[in-house]
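Below is work-v8.cif, which holds mmCIF, N, CA and C atoms.
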data_input
#
loop_
_atom_site.label_atom_id
_atom_site.label_comp_id
_atom_site.auth_asym_id
_atom_site.auth_seq_id
_atom_site.Cartn_x
_atom_site.Cartn_y
_atom_site.Cartn_z
N PRO A 223 -1.79 -1.01 12.38
CA PRO A 223 -0.56 -0.78 13.12
C PRO A 223 0.69 -1.23 12.35
N THR A 224 0.58 -2.32 11.58
CA THR A 224 1.74 -2.81 10.84
C THR A 224 2.14 -1.82 9.75
N LEU A 225 1.17 -1.23 9.09
CA LEU A 225 1.48 -0.26 8.04
C LEU A 225 2.15 0.97 8.63
N ASP A 226 1.68 1.42 9.77
CA ASP A 226 2.31 2.57 10.44
C ASP A 226 3.74 2.24 10.84
N GLU A 227 3.97 1.04 11.36
CA GLU A 227 5.32 0.61 11.73
C GLU A 227 6.22 0.55 10.50
N PHE A 228 5.68 0.00 9.41
CA PHE A 228 6.42 -0.08 8.15
C PHE A 228 6.82 1.32 7.69
N ALA A 229 5.86 2.26 7.74
CA ALA A 229 6.12 3.63 7.29
C ALA A 229 7.23 4.28 8.12
N GLN A 230 7.20 4.07 9.43
CA GLN A 230 8.24 4.65 10.30
C GLN A 230 9.59 4.01 10.03
N LYS A 231 9.59 2.72 9.78
CA LYS A 231 10.83 1.97 9.54
C LYS A 231 11.47 2.35 8.21
N ARG A 232 10.68 2.74 7.24
CA ARG A 232 11.16 3.00 5.87
C ARG A 232 11.13 4.47 5.48
N VAL A 233 11.20 5.36 6.44
CA VAL A 233 11.24 6.80 6.14
C VAL A 233 12.42 7.06 5.20
N GLY A 234 12.15 7.77 4.13
CA GLY A 234 13.19 8.08 3.15
C GLY A 234 13.35 7.02 2.08
N GLU A 235 12.75 5.86 2.29
CA GLU A 235 12.82 4.77 1.30
C GLU A 235 11.49 4.56 0.60
N ALA A 236 10.40 4.73 1.36
CA ALA A 236 9.07 4.50 0.81
C ALA A 236 8.13 5.56 1.34
N LEU A 237 7.25 6.05 0.50
CA LEU A 237 6.22 7.00 0.90
C LEU A 237 4.95 6.19 1.11
N VAL A 238 4.41 6.24 2.31
CA VAL A 238 3.21 5.46 2.64
C VAL A 238 2.04 6.42 2.81
N LEU A 239 0.99 6.19 2.05
CA LEU A 239 -0.22 7.00 2.11
C LEU A 239 -1.42 6.11 2.36
N LYS A 240 -2.41 6.64 3.06
CA LYS A 240 -3.65 5.91 3.29
C LYS A 240 -4.78 6.67 2.61
N LEU A 241 -5.73 5.92 2.08
CA LEU A 241 -6.87 6.52 1.39
C LEU A 241 -8.15 6.05 2.06
N ASP A 242 -9.01 6.98 2.43
CA ASP A 242 -10.34 6.65 2.94
C ASP A 242 -11.22 6.42 1.71
N THR A 243 -11.48 5.15 1.40
CA THR A 243 -12.21 4.81 0.18
C THR A 243 -13.68 5.23 0.23
N GLU A 244 -14.24 5.37 1.43
CA GLU A 244 -15.62 5.84 1.54
C GLU A 244 -15.71 7.32 1.21
N ALA A 245 -14.72 8.09 1.61
CA ALA A 245 -14.70 9.52 1.32
C ALA A 245 -14.19 9.82 -0.09
N ASN A 246 -13.50 8.84 -0.71
CA ASN A 246 -12.91 9.03 -2.04
C ASN A 246 -13.24 7.86 -2.97
N PRO A 247 -14.52 7.62 -3.22
CA PRO A 247 -14.89 6.46 -4.04
C PRO A 247 -14.37 6.52 -5.48
N GLN A 248 -14.21 7.73 -6.02
CA GLN A 248 -13.71 7.85 -7.39
C GLN A 248 -12.26 7.36 -7.48
N THR A 249 -11.46 7.69 -6.49
CA THR A 249 -10.06 7.26 -6.49
C THR A 249 -9.98 5.75 -6.30
N ALA A 250 -10.80 5.22 -5.41
CA ALA A 250 -10.83 3.76 -5.20
C ALA A 250 -11.21 3.05 -6.50
N SER A 251 -12.18 3.58 -7.20
CA SER A 251 -12.60 3.00 -8.47
C SER A 251 -11.50 3.10 -9.51
N ARG A 252 -10.84 4.23 -9.57
CA ARG A 252 -9.76 4.44 -10.55
C ARG A 252 -8.65 3.39 -10.42
N PHE A 253 -8.36 3.00 -9.17
CA PHE A 253 -7.31 2.02 -8.92
C PHE A 253 -7.85 0.59 -8.77
N GLY A 254 -9.14 0.40 -9.02
CA GLY A 254 -9.72 -0.94 -8.99
C GLY A 254 -9.72 -1.58 -7.60
N ILE A 255 -9.88 -0.76 -6.58
CA ILE A 255 -9.89 -1.28 -5.22
C ILE A 255 -11.28 -1.84 -4.93
N ARG A 256 -11.33 -3.13 -4.69
CA ARG A 256 -12.60 -3.81 -4.42
C ARG A 256 -12.64 -4.42 -3.04
N GLY A 257 -11.47 -4.69 -2.48
CA GLY A 257 -11.38 -5.29 -1.15
C GLY A 257 -10.59 -4.38 -0.22
N ILE A 258 -10.99 -4.40 1.04
CA ILE A 258 -10.31 -3.58 2.03
C ILE A 258 -9.74 -4.51 3.09
N PRO A 259 -8.51 -4.39 3.46
CA PRO A 259 -7.53 -3.44 2.98
C PRO A 259 -6.87 -3.89 1.67
N THR A 260 -6.47 -2.93 0.87
CA THR A 260 -5.68 -3.17 -0.33
C THR A 260 -4.44 -2.30 -0.23
N VAL A 261 -3.29 -2.90 -0.48
CA VAL A 261 -2.03 -2.17 -0.49
C VAL A 261 -1.49 -2.23 -1.92
N ILE A 262 -1.20 -1.07 -2.48
CA ILE A 262 -0.66 -0.99 -3.83
C ILE A 262 0.70 -0.31 -3.76
N ALA A 263 1.69 -0.93 -4.35
CA ALA A 263 3.04 -0.35 -4.41
C ALA A 263 3.23 0.23 -5.80
N PHE A 264 3.68 1.47 -5.86
CA PHE A 264 3.94 2.14 -7.13
C PHE A 264 5.43 2.41 -7.25
N GLU A 265 5.90 2.37 -8.48
CA GLU A 265 7.27 2.75 -8.79
C GLU A 265 7.24 3.56 -10.07
N ALA A 266 7.81 4.74 -10.03
CA ALA A 266 7.83 5.64 -11.19
C ALA A 266 6.42 5.89 -11.72
N GLY A 267 5.45 5.99 -10.80
CA GLY A 267 4.07 6.30 -11.18
C GLY A 267 3.26 5.15 -11.70
N LYS A 268 3.83 3.95 -11.73
CA LYS A 268 3.11 2.77 -12.23
C LYS A 268 3.00 1.73 -11.14
N GLU A 269 1.88 1.00 -11.19
CA GLU A 269 1.69 -0.05 -10.20
C GLU A 269 2.75 -1.13 -10.35
N ARG A 270 3.41 -1.43 -9.25
CA ARG A 270 4.45 -2.46 -9.24
C ARG A 270 3.92 -3.76 -8.65
N ALA A 271 3.11 -3.65 -7.58
CA ALA A 271 2.59 -4.83 -6.90
C ALA A 271 1.34 -4.44 -6.13
N ARG A 272 0.54 -5.47 -5.78
CA ARG A 272 -0.71 -5.25 -5.06
C ARG A 272 -0.94 -6.42 -4.12
N HIS A 273 -1.50 -6.10 -2.96
CA HIS A 273 -1.88 -7.14 -1.99
C HIS A 273 -3.24 -6.76 -1.41
N VAL A 274 -4.17 -7.71 -1.44
CA VAL A 274 -5.49 -7.50 -0.86
C VAL A 274 -5.60 -8.36 0.40
N GLY A 275 -6.02 -7.74 1.49
CA GLY A 275 -6.15 -8.44 2.76
C GLY A 275 -5.10 -7.94 3.74
N LEU A 276 -5.16 -8.47 4.96
CA LEU A 276 -4.18 -8.05 5.96
C LEU A 276 -2.78 -8.40 5.51
N ALA A 277 -1.84 -7.52 5.80
CA ALA A 277 -0.46 -7.72 5.37
C ALA A 277 0.47 -7.58 6.57
N ASP A 278 1.35 -8.55 6.74
CA ASP A 278 2.36 -8.44 7.79
C ASP A 278 3.58 -7.72 7.22
N MET A 279 4.58 -7.52 8.06
CA MET A 279 5.77 -6.77 7.65
C MET A 279 6.46 -7.44 6.45
N LYS A 280 6.51 -8.75 6.43
CA LYS A 280 7.17 -9.47 5.33
C LYS A 280 6.45 -9.18 4.00
N VAL A 281 5.14 -9.19 4.02
CA VAL A 281 4.37 -8.90 2.80
C VAL A 281 4.63 -7.47 2.33
N LEU A 282 4.60 -6.51 3.26
CA LEU A 282 4.84 -5.11 2.90
C LEU A 282 6.23 -4.92 2.32
N GLU A 283 7.22 -5.53 2.93
CA GLU A 283 8.58 -5.41 2.41
C GLU A 283 8.70 -6.07 1.04
N GLY A 284 7.99 -7.17 0.83
CA GLY A 284 8.00 -7.84 -0.46
C GLY A 284 7.39 -6.97 -1.55
N LEU A 285 6.40 -6.17 -1.21
CA LEU A 285 5.77 -5.29 -2.19
C LEU A 285 6.74 -4.26 -2.75
N ILE A 286 7.70 -3.86 -1.96
CA ILE A 286 8.67 -2.88 -2.47
C ILE A 286 10.01 -3.51 -2.79
N GLY A 287 10.03 -4.84 -2.82
CA GLY A 287 11.22 -5.55 -3.28
C GLY A 287 12.33 -5.70 -2.26
N LEU A 288 11.98 -5.77 -0.99
CA LEU A 288 13.01 -5.91 0.04
C LEU A 288 13.22 -7.35 0.48
N THR A 289 12.39 -8.27 0.01
CA THR A 289 12.57 -9.67 0.41
C THR A 289 12.88 -10.53 -0.80
#
In structure tokens, what does this structure look like?
Amino acid sequence: PTLDEFAQKRVGEALVLKLDTEANPQTASRFGIRGIPTVIAFEAGKERARHVGLADMKVLEGLIGLT
């Protein structure tokens, strides 16, 4: 629910996508996802930040440099 709230709050500022790692194991492996949930922030196609585990709004905003 927090990620959905974050996505709605940041429309036009951040693109939020979810990946089903069971249905897409190759993509999960490509990005080194070992723990669920994992949130990865990208900027200009490169990984900027990563958080593994539950994330509150403050953590999500920190990933994209808002805090």
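Comparing the minimum interatomic distances between Phe264 (chain A) and each of A:Ala250, A:Val281, A:Val238, A:Leu225, counting only C-alpha atoms, we find that A:Val238 sits nearest.
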**Asked** Written as number ranges by chain, which residues does the PyMOL selection byres (((chain A and resi 257 and name CA) around 12) and name CA) give for the file shown?
**Response** A: 243, 250-251, 253-256, 258-262, 272-276
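As for atom C of Gly284 (chain A) and atom C of Pro247 (chain A), they are spaced 25.9 Å apart.
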**Asked** Per DSSP on the backbone, what are the strand (DSSP E) residues of chain A, as a list in words?
**Response** Thr260, Val261, Ile262, Ala263, Phe264, Glu265, Lys268, Glu269, Arg270, Ala271, Arg272, His273 and Val274 of chain A
**Request:** Using atom N of Thr224 (chain A) and atom C of Arg270 (chain A) as the two end points, give the distance in Å to one decimal.
**Result:** 20.6 Å
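Minimum distance to Leu285 (chain A) across A:Ala266, A:Asp226, A:Ala236, A:Asp242 (counting only C-alpha atoms) occurs at A:Ala236.
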Running DSSP on the backbone, which parts of chain A land in helix (DSSP H, G or I), as a PDB file with N, CA and C atoms, in the frame of the given file?
ATOM      1  N   THR A 224       0.580  -2.320  11.580  1.00  0.00           N
ATOM      2  CA  THR A 224       1.740  -2.810  10.840  1.00  0.00           C
ATOM      3  C   THR A 224       2.140  -1.820   9.750  1.00  0.00           C
ATOM      4  N   LEU A 225       1.170  -1.230   9.090  1.00  0.00           N
ATOM      5  CA  LEU A 225       1.480  -0.260   8.040  1.00  0.00           C
ATOM      6  C   LEU A 225       2.150   0.970   8.630  1.00  0.00           C
ATOM      7  N   ASP A 226       1.680   1.420   9.770  1.00  0.00           N
ATOM      8  CA  ASP A 226       2.310   2.570  10.440  1.00  0.00           C
ATOM      9  C   ASP A 226       3.740   2.240  10.840  1.00  0.00           C
ATOM     10  N   GLU A 227       3.970   1.040  11.360  1.00  0.00           N
ATOM     11  CA  GLU A 227       5.320   0.610  11.730  1.00  0.00           C
ATOM     12  C   GLU A 227       6.220   0.550  10.500  1.00  0.00           C
ATOM     13  N   PHE A 228       5.680   0.000   9.410  1.00  0.00           N
ATOM     14  CA  PHE A 228       6.420  -0.080   8.150  1.00  0.00           C
ATOM     15  C   PHE A 228       6.820   1.320   7.690  1.00  0.00           C
ATOM     16  N   ALA A 229       5.860   2.260   7.740  1.00  0.00           N
ATOM     17  CA  ALA A 229       6.120   3.630   7.290  1.00  0.00           C
ATOM     18  C   ALA A 229       7.230   4.280   8.120  1.00  0.00           C
ATOM     19  N   GLN A 230       7.200   4.070   9.430  1.00  0.00           N
ATOM     20  CA  GLN A 230       8.240   4.650  10.300  1.00  0.00           C
ATOM     21  C   GLN A 230       9.590   4.010  10.030  1.00  0.00           C
ATOM     22  N   LYS A 231       9.590   2.720   9.780  1.00  0.00           N
ATOM     23  CA  LYS A 231      10.830   1.970   9.540  1.00  0.00           C
ATOM     24  C   LYS A 231      11.470   2.350   8.210  1.00  0.00           C
ATOM     25  N   PRO A 247     -14.520   7.620  -3.220  1.00  0.00           N
ATOM     26  CA  PRO A 247     -14.890   6.460  -4.040  1.00  0.00           C
ATOM     27  C   PRO A 247     -14.370   6.520  -5.480  1.00  0.00           C
ATOM     28  N   GLN A 248     -14.210   7.730  -6.020  1.00  0.00           N
ATOM     29  CA  GLN A 248     -13.710   7.850  -7.390  1.00  0.00           C
ATOM     30  C   GLN A 248     -12.260   7.360  -7.480  1.00  0.00           C
ATOM     31  N   THR A 249     -11.460   7.690  -6.490  1.00  0.00           N
ATOM     32  CA  THR A 249     -10.060   7.260  -6.490  1.00  0.00           C
ATOM     33  C   THR A 249      -9.980   5.750  -6.300  1.00  0.00           C
ATOM     34  N   ALA A 250     -10.800   5.220  -5.410  1.00  0.00           N
ATOM     35  CA  ALA A 250     -10.830   3.760  -5.200  1.00  0.00           C
ATOM     36  C   ALA A 250     -11.210   3.050  -6.500  1.00  0.00           C
ATOM     37  N   SER A 251     -12.180   3.580  -7.200  1.00  0.00           N
ATOM     38  CA  SER A 251     -12.600   3.000  -8.470  1.00  0.00           C
ATOM     39  C   SER A 251     -11.500   3.100  -9.510  1.00  0.00           C
ATOM     40  N   ARG A 252     -10.840   4.230  -9.570  1.00  0.00           N
ATOM     41  CA  ARG A 252      -9.760   4.440 -10.550  1.00  0.00           C
ATOM     42  C   ARG A 252      -8.650   3.390 -10.420  1.00  0.00           C
ATOM     43  N   MET A 279       4.580  -7.520   8.060  1.00  0.00           N
ATOM     44  CA  MET A 279       5.770  -6.770   7.650  1.00  0.00           C
ATOM     45  C   MET A 279       6.460  -7.440   6.450  1.00  0.00           C
ATOM     46  N   LYS A 280       6.510  -8.750   6.430  1.00  0.00           N
ATOM     47  CA  LYS A 280       7.170  -9.470   5.330  1.00  0.00           C
ATOM     48  C   LYS A 280       6.450  -9.180   4.000  1.00  0.00           C
ATOM     49  N   VAL A 281       5.140  -9.190   4.020  1.00  0.00           N
ATOM     50  CA  VAL A 281       4.370  -8.900   2.800  1.00  0.00           C
ATOM     51  C   VAL A 281       4.630  -7.470   2.330  1.00  0.00           C
ATOM     52  N   LEU A 282       4.600  -6.510   3.260  1.00  0.00           N
ATOM     53  CA  LEU A 282       4.840  -5.110   2.900  1.00  0.00           C
ATOM     54  C   LEU A 282       6.230  -4.920   2.320  1.00  0.00           C
ATOM     55  N   GLU A 283       7.220  -5.530   2.930  1.00  0.00           N
ATOM     56  CA  GLU A 283       8.580  -5.410   2.410  1.00  0.00           C
ATOM     57  C   GLU A 283       8.700  -6.070   1.040  1.00  0.00           C
ATOM     58  N   GLY A 284       7.990  -7.170   0.830  1.00  0.00           N
ATOM     59  CA  GLY A 284       8.000  -7.840  -0.460  1.00  0.00           C
ATOM     60  C   GLY A 284       7.390  -6.970  -1.550  1.00  0.00           C
ATOM     61  N   LEU A 285       6.400  -6.170  -1.210  1.00  0.00           N
ATOM     62  CA  LEU A 285       5.770  -5.290  -2.190  1.00  0.00           C
ATOM     63  C   LEU A 285       6.740  -4.260  -2.750  1.00  0.00           C
TER      64      LEU A 285
END
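Straight-line separation from atom N of Leu282 (chain A) to atom C of Ala245 (chain A): 25.1 Å.
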